[in-house]
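Down below is the structure, laid out as structure tokens.
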Amino acid sequence: QENNSLQFNHNTRVNGLPTGVHYDTRTHRYVAQIGSREDYKFLGRHLLLEDAISIRDKEKKMVLKNVAEKYKGEIEDRVYDALCNWVVVW
């Protein structure tokens, strides 16, 4: 069930920014964050959109790898490989 709640691709919002990144008009920075219903992690405010996206993608990759390791032996090899080898899809 935890695996099913993970989003694998960037789902673009109405404002055109990838999931997990938004623009803070108060600080004039891009905010990166990642999380689920149970867990939320603030990844910082960034001047450049590319920096916010990059840090979020790195964190997402780590989260997916941790999930893969947690369920190794309980999930199919192809699912494990997909989680460990996730790449950004735009």
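In the structure tokens, chains take the letters A, B, ... in the order shown, each chain's residues start at 1, and ligands count up from 1 in the order shown.
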Report as a ChimeraX atom specification all protein, DNA and RNA residues lying within 10 Å of His28 in chain A, evaluated on only C-alpha atoms, omitting residues in the same chain fewer than 5 positions from it.
/A:23,45-47
Mind checking DSSP for range 6-83 of chain A and telling me the strand (DSSP E) residues as a count of residues only?
18
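Going from CA of Ile75 in chain A over to CA of Lys61 in chain A, you cover 17.9 Å.
Across the model, the gap from CA of Lys58 in chain A to CA of Arg26 in chain A is 25.8 Å.
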For each of A:Lys60, A:Arg78, A:Gly44, A:Leu83, take the minimum atom-to-atom distance to Thr27 in chain A, counting only C-alpha atoms, then give the residue where this is smallest.
A:Gly44
So that I can check the surroundings of Ile53 in chain A, please list as a ChimeraX atom specification every protein, DNA and RNA residue that reaches within 8 Å of it, counting only C-alpha atoms and ignoring chain neighbours fewer than 5 positions away.
/A:18,21,32
